[in-house]
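S.K.: Sharing a structure here in structure tokens format.
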Amino acid sequence: MHLQNTNGVANGQLGQLRHIPLSYDSENPDSSARALILALRPEWSSPDSKIEFISFKDGITNTLLKAINKKEGLSKDEVDKEAVLLRAYGHGTDVLIDRHRETQNHELLMNHDLAPELLARFDNGMIYRYIRGTVTQPADLRESPIYLAVARRLAQWHAIVPCIYEAHPLTNGVNGDANASRDKVIAHAAPGKPSPNVWTVMQKWIFALPTDTEAQRTRQADLQQELTKLIEELSERPGLGDNGLVFAHCDLLSGNVIIEPQSTYTKEGGEQQKEVSFIDYEYATPSPAAFDLANHFAEWGGFDCDYNVLPTRAQRLEFIREYIHTYFSLLPDKPINIDEEAETQKLLAEIDIFRGVPGFYWGIWALIQATISHIDFDYAEYAEIRLGEYWGWREAIKSAENSSDKELSPREKRWMQLK
């Protein structure tokens, strides 16, 4: 994969994107959303216009509204063709997400026909064209035609979208030496890896953890020790992409997977296939492919973290075979005589190694969200569940190394299931 720094095409287009100097207000949702839409589409203020907002409840970071104009005489397809999505950032989430980079990600994906047209930014969000299709539920991700479509689309991302790195990672903080030192630690969290990447993201989040109490400070120190250990163990492992990193989604839950309408087509031999698209690119960052896939597999259980429905080894193998076949067919510089089955087995083993990392990643995230979010969701409980997955993985590794017969956690038991 070719590297692209922030002086590349995506960054060059960023300044050309329209900015609407208004905000979405969760206390006045209809009036503030209406003002934003009318600023973008003043023609929707005509007497025959009928603006409506449809709220999507699938995410736990942002507010997502579909804005439509149900003019009399228009069909549903005609209404959807002009529909837009308004996404307002969750309260305080700038500590978690680089919003400038999110816009870069969106425009980069637009350049590769992998994202809808980005229409405008506003003070606390963005507006983009509505993607027609059906949002998946966790149960859909477990259906073979859907998960094979996800495998193909994710392989496309990883094979053709270049990673964006900072040309000169931050070494000077805006608020003095303390921030300068912290920025440097973040940028160099994984020595030898270009920044940013999934490791620098986790380092940034650990610095953002609450530290008001002694218990919180102790927990931050413990999690920092674990991140250091993870980086030492995993950051230098060989993998797909330059530097072992690919342009990864890093948040491929069901609410971010859209089944494209009338997407079923027939392959040679009569086999039916579906197609999907991905939305919400705020967490996208260079990452090991094994992390992105392990993270997606964790989402088969949804926010309820139902471990009984996580992919078995046979399902993971089917997914990875489809992914590997697509990935190597799309590489700009296709390798000659690639052994796809060998590559499949290699990635299967890597995902096994990374399977506990998503729990650590989202556990830290949820600890921060518990202190800042206004969304009605029990982030504190979710943090303990996800971190519990990580500790269960650590225990399983220790038991395997010591040939112990200690009982595995429910998640680890399911992961080991063959069929």
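If you're wondering about the labels, chains in the structure tokens are A, B, ... by order shown, residues count from 1 in each chain, ligands from 1 in order shown.
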Which residues are close to Phe354 in chain A, i.e. within 10 Å by only C-alpha atoms, leaving aside same-chain residues fewer than 2 positions away? Reply as a list in words.

M.R.: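 Non-adjacent residues within range: Leu230, Leu234, Pro288, Ala289, Ala290, Phe291, Asp292, Leu293, Ala294, Asn295, Ala349, Glu350, Ile351, Asp352, Gly356, Val357, Pro358 and Trp393 of chain A.
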
S.K.: Name all residues at most 12 Å from Val246 in chain A (count only C-alpha atoms; drop same-chain ones fewer than 4 positions away) and give them as a ChimeraX atom specification.

M.R.: /A:1-3,154-165,194,196-198,238-242,250,284-293,327,331

S.K.: Quick check for you: according to DSSP on this backbone, which residues of range 69-120 of chain A are classed as strand (DSSP E)? Reply as a list in words.

M.R.: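 The strand (DSSP E) subset of range 69-120 of chain A is Asn69, Val84, Leu85, Leu86, Arg87, Ala88, Leu118, Leu119 and Ala120 of chain A.
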
S.K.: I need the residues from that last selection saved to file as a short mmCIF file (atom, residue, chain, number, x, y, z; two decimals), in the first residue's frame (with N, CA and C atoms), if you can.

M.R.:
```cif
data_model
loop_
_atom_site.label_atom_id
_atom_site.label_comp_id
_atom_site.auth_asym_id
_atom_site.auth_seq_id
_atom_site.Cartn_x
_atom_site.Cartn_y
_atom_site.Cartn_z
N ASN A 69 -37.48 15.38 2.54
CA ASN A 69 -38.48 16.37 2.14
C ASN A 69 -39.59 15.63 1.41
N VAL A 84 -30.64 13.42 3.11
CA VAL A 84 -29.28 13.59 3.63
C VAL A 84 -29.25 13.08 5.07
N LEU A 85 -28.05 12.79 5.53
CA LEU A 85 -27.83 12.38 6.91
C LEU A 85 -27.13 13.50 7.66
N LEU A 86 -27.66 13.84 8.80
CA LEU A 86 -27.06 14.84 9.68
C LEU A 86 -26.49 14.11 10.88
N ARG A 87 -25.21 14.24 11.08
CA ARG A 87 -24.55 13.55 12.19
C ARG A 87 -23.95 14.57 13.14
N ALA A 88 -24.49 14.61 14.35
CA ALA A 88 -23.99 15.53 15.37
C ALA A 88 -23.11 14.77 16.35
N LEU A 118 -19.81 13.93 0.89
CA LEU A 118 -19.83 14.78 2.07
C LEU A 118 -20.23 16.18 1.61
N LEU A 119 -21.34 16.70 2.17
CA LEU A 119 -21.92 17.94 1.67
C LEU A 119 -21.47 19.17 2.46
N ALA A 120 -21.32 19.03 3.75
CA ALA A 120 -20.95 20.19 4.57
C ALA A 120 -20.55 19.74 5.97
#
```

S.K.: Can you tell me, as an MDAnalysis selection string, what residues are no more than 12 Å from Arg121 in chain A when counting only C-alpha atoms, ignoring any on the same chain fewer than 3 positions away?

M.R.: chainID A and resid 14:24 36:37 39:40 85:89 99:100 102:104 106 117:118 124:128

S.K.: Could you turn the residues from that selection into a file that holds C-alpha atoms, as a CSV table (one decimal), in the first residue's frame?

M.R.:
```
chain,number,residue,atom,x,y,z
A,14,LEU,CA,-10.6,19.7,3.2
A,15,GLY,CA,-10.5,23.5,2.9
A,16,GLN,CA,-13.0,23.4,0.0
A,17,LEU,CA,-15.7,21.7,2.0
A,18,ARG,CA,-18.5,24.1,3.0
A,19,HIS,CA,-18.8,25.0,6.6
A,20,ILE,CA,-22.2,26.0,8.1
A,21,PRO,CA,-21.6,28.2,11.2
A,22,LEU,CA,-24.4,26.6,13.2
A,23,SER,CA,-24.7,23.8,15.8
A,24,TYR,CA,-27.1,21.0,16.5
A,36,LEU,CA,-28.9,23.3,9.5
A,37,ILE,CA,-30.8,21.6,6.7
A,39,ALA,CA,-28.8,26.4,5.4
A,40,LEU,CA,-27.7,23.5,3.2
A,85,LEU,CA,-27.8,12.4,6.9
A,86,LEU,CA,-27.1,14.8,9.7
A,87,ARG,CA,-24.5,13.5,12.2
A,88,ALA,CA,-24.0,15.5,15.4
A,89,TYR,CA,-21.0,14.6,17.5
A,99,ARG,CA,-12.7,15.3,13.9
A,100,HIS,CA,-10.4,16.9,11.4
A,102,GLU,CA,-12.5,12.1,10.4
A,103,THR,CA,-13.3,14.5,7.6
A,104,GLN,CA,-10.1,13.5,5.8
A,106,HIS,CA,-14.5,10.6,4.6
A,117,GLU,CA,-20.7,12.5,-0.8
A,118,LEU,CA,-19.8,14.8,2.1
A,124,ASN,CA,-20.5,20.1,15.9
A,125,GLY,CA,-21.1,17.7,13.0
A,126,MET,CA,-21.3,17.0,9.3
A,127,ILE,CA,-24.0,16.4,6.7
A,128,TYR,CA,-23.6,13.8,3.9
```

S.K.: Of the residues A:Lys413, A:Arg217, A:Arg152, A:Arg355, which is the one nearest to Val276 in chain A, using only C-alpha atoms?

M.R.: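 Residue with the minimum atom-to-atom distance to Val276 in chain A: A:Arg152.
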
S.K.: Counting only C-alpha atoms, which of A:Ala151, A:Leu65, A:Ala366, A:Ala208 gets nearest to Phe297 in chain A?

M.R.: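 Of A:Ala151, A:Leu65, A:Ala366, A:Ala208, the one nearest Phe297 in chain A, counting only C-alpha atoms, is A:Ala151.
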
S.K.: By how many Å are CA of Thr228 in chain A and CA of Ala190 in chain A apart?

M.R.: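 If I compute the distance from CA of Thr228 in chain A to CA of Ala190 in chain A, I get 8.8 Å.
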
S.K.: Pick out each residue of range 249-380 of chain A that DSSP on the backbone tags as helix (DSSP H, G or I); I need them as a PyMOL selection string.

M.R.: chain A and resi 254-256+289-301+307-309+313-330+340-354+357-372+379-380

S.K.: Just to be explicit: take each residue in the selection above, keep C-alpha atoms, and write the result as a PDB file, in the first residue's frame.

M.R.:
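Writing done, so here's result33.pdb:
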```
ATOM      1  CA  SER A 254     -23.937  -3.757  12.688  1.00  0.00           C
ATOM      2  CA  GLY A 255     -25.180  -0.150  12.650  1.00  0.00           C
ATOM      3  CA  ASN A 256     -22.309   0.796  10.342  1.00  0.00           C
ATOM      4  CA  ALA A 289      -5.784  -6.056   9.536  1.00  0.00           C
ATOM      5  CA  ALA A 290      -6.080  -8.725  12.229  1.00  0.00           C
ATOM      6  CA  PHE A 291      -7.347  -6.118  14.696  1.00  0.00           C
ATOM      7  CA  ASP A 292      -9.987  -4.799  12.284  1.00  0.00           C
ATOM      8  CA  LEU A 293     -11.301  -8.300  11.609  1.00  0.00           C
ATOM      9  CA  ALA A 294     -11.182  -9.389  15.262  1.00  0.00           C
ATOM     10  CA  ASN A 295     -13.036  -6.204  16.170  1.00  0.00           C
ATOM     11  CA  HIS A 296     -15.747  -6.909  13.598  1.00  0.00           C
ATOM     12  CA  PHE A 297     -16.162 -10.496  14.808  1.00  0.00           C
ATOM     13  CA  ALA A 298     -16.729  -9.170  18.342  1.00  0.00           C
ATOM     14  CA  GLU A 299     -19.654  -7.133  16.991  1.00  0.00           C
ATOM     15  CA  TRP A 300     -21.579 -10.251  16.022  1.00  0.00           C
ATOM     16  CA  GLY A 301     -22.776 -10.246  19.633  1.00  0.00           C
ATOM     17  CA  TYR A 307     -20.782 -14.519  23.311  1.00  0.00           C
ATOM     18  CA  ASN A 308     -22.938 -17.499  22.272  1.00  0.00           C
ATOM     19  CA  VAL A 309     -23.249 -16.097  18.735  1.00  0.00           C
ATOM     20  CA  ARG A 313     -13.623 -21.184  13.792  1.00  0.00           C
ATOM     21  CA  ALA A 314     -15.406 -22.534  10.697  1.00  0.00           C
ATOM     22  CA  GLN A 315     -17.258 -19.231  10.189  1.00  0.00           C
ATOM     23  CA  ARG A 316     -14.093 -17.193  10.687  1.00  0.00           C
ATOM     24  CA  LEU A 317     -12.322 -19.378   8.155  1.00  0.00           C
ATOM     25  CA  GLU A 318     -15.100 -18.883   5.579  1.00  0.00           C
ATOM     26  CA  PHE A 319     -14.975 -15.112   6.116  1.00  0.00           C
ATOM     27  CA  ILE A 320     -11.181 -14.941   5.899  1.00  0.00           C
ATOM     28  CA  ARG A 321     -11.006 -17.038   2.725  1.00  0.00           C
ATOM     29  CA  GLU A 322     -13.361 -14.588   1.022  1.00  0.00           C
ATOM     30  CA  TYR A 323     -11.404 -11.651   2.416  1.00  0.00           C
ATOM     31  CA  ILE A 324      -8.010 -12.990   1.289  1.00  0.00           C
ATOM     32  CA  HIS A 325      -9.251 -13.842  -2.213  1.00  0.00           C
ATOM     33  CA  THR A 326     -10.654 -10.313  -2.634  1.00  0.00           C
ATOM     34  CA  TYR A 327      -7.693  -8.572  -0.994  1.00  0.00           C
ATOM     35  CA  PHE A 328      -5.041 -10.075  -3.269  1.00  0.00           C
ATOM     36  CA  SER A 329      -7.208  -9.626  -6.379  1.00  0.00           C
ATOM     37  CA  LEU A 330      -7.437  -5.869  -5.684  1.00  0.00           C
ATOM     38  CA  GLU A 340      -4.329 -17.935  -0.875  1.00  0.00           C
ATOM     39  CA  GLU A 341      -4.886 -20.845   1.495  1.00  0.00           C
ATOM     40  CA  ALA A 342      -1.543 -20.251   3.198  1.00  0.00           C
ATOM     41  CA  GLU A 343      -2.405 -16.556   3.552  1.00  0.00           C
ATOM     42  CA  THR A 344      -5.826 -17.502   4.911  1.00  0.00           C
ATOM     43  CA  GLN A 345      -4.344 -19.729   7.593  1.00  0.00           C
ATOM     44  CA  LYS A 346      -1.803 -17.053   8.485  1.00  0.00           C
ATOM     45  CA  LEU A 347      -4.491 -14.391   8.967  1.00  0.00           C
ATOM     46  CA  LEU A 348      -6.710 -16.819  10.880  1.00  0.00           C
ATOM     47  CA  ALA A 349      -3.852 -17.338  13.345  1.00  0.00           C
ATOM     48  CA  GLU A 350      -3.209 -13.576  13.601  1.00  0.00           C
ATOM     49  CA  ILE A 351      -6.841 -12.876  14.399  1.00  0.00           C
ATOM     50  CA  ASP A 352      -6.663 -15.504  17.135  1.00  0.00           C
ATOM     51  CA  ILE A 353      -3.718 -13.593  18.576  1.00  0.00           C
ATOM     52  CA  PHE A 354      -5.553 -10.238  18.400  1.00  0.00           C
ATOM     53  CA  VAL A 357      -7.484  -6.490  21.930  1.00  0.00           C
ATOM     54  CA  PRO A 358     -10.925  -5.117  20.920  1.00  0.00           C
ATOM     55  CA  GLY A 359     -12.125  -5.641  24.487  1.00  0.00           C
ATOM     56  CA  PHE A 360      -9.237  -3.540  25.759  1.00  0.00           C
ATOM     57  CA  TYR A 361      -9.814  -0.870  23.086  1.00  0.00           C
ATOM     58  CA  TRP A 362     -13.541  -0.425  23.731  1.00  0.00           C
ATOM     59  CA  GLY A 363     -13.144  -0.871  27.476  1.00  0.00           C
ATOM     60  CA  ILE A 364     -10.900   2.215  27.676  1.00  0.00           C
ATOM     61  CA  TRP A 365     -13.266   4.085  25.356  1.00  0.00           C
ATOM     62  CA  ALA A 366     -16.279   3.271  27.527  1.00  0.00           C
ATOM     63  CA  LEU A 367     -14.531   4.387  30.724  1.00  0.00           C
ATOM     64  CA  ILE A 368     -14.109   7.825  29.140  1.00  0.00           C
ATOM     65  CA  GLN A 369     -17.637   7.892  27.712  1.00  0.00           C
ATOM     66  CA  ALA A 370     -19.028   7.124  31.173  1.00  0.00           C
ATOM     67  CA  THR A 371     -17.759  10.536  32.300  1.00  0.00           C
ATOM     68  CA  ILE A 372     -18.681  12.683  29.270  1.00  0.00           C
ATOM     69  CA  TYR A 379     -21.035   2.936  29.584  1.00  0.00           C
ATOM     70  CA  ALA A 380     -19.595   1.996  32.978  1.00  0.00           C
TER      71      ALA A 380
END
```

S.K.: From the options A:Pro191, A:Thr213, A:Ala396, A:Ile51, which residue's atoms come nearest to Ala35 in chain A, counting only C-alpha atoms?

M.R.: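 When distances to Ala35 in chain A are compared using only C-alpha atoms, the smallest one comes from A:Ile51.
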
S.K.: Taking only C-alpha atoms into account, which of A:Tyr130, A:Ile231, A:Leu96, A:Glu412 comes nearest Leu209 in chain A?

M.R.: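 Comparing A:Tyr130, A:Ile231, A:Leu96, A:Glu412 against Leu209 in chain A, the winner is A:Leu96.
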
S.K.: Kindly give the distance, in Å, that separates CA of Glu381 in chain A and CA of Ala215 in chain A, rounded to a single decimal.

M.R.: 16.5 Å

S.K.: With distances taken over only C-alpha atoms, which of A:Lys71, A:Lys274, A:Lys50, A:Lys204 is nearest to Leu227 in chain A?

M.R.: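 Of A:Lys71, A:Lys274, A:Lys50, A:Lys204, the one nearest Leu227 in chain A, counting only C-alpha atoms, is A:Lys204.
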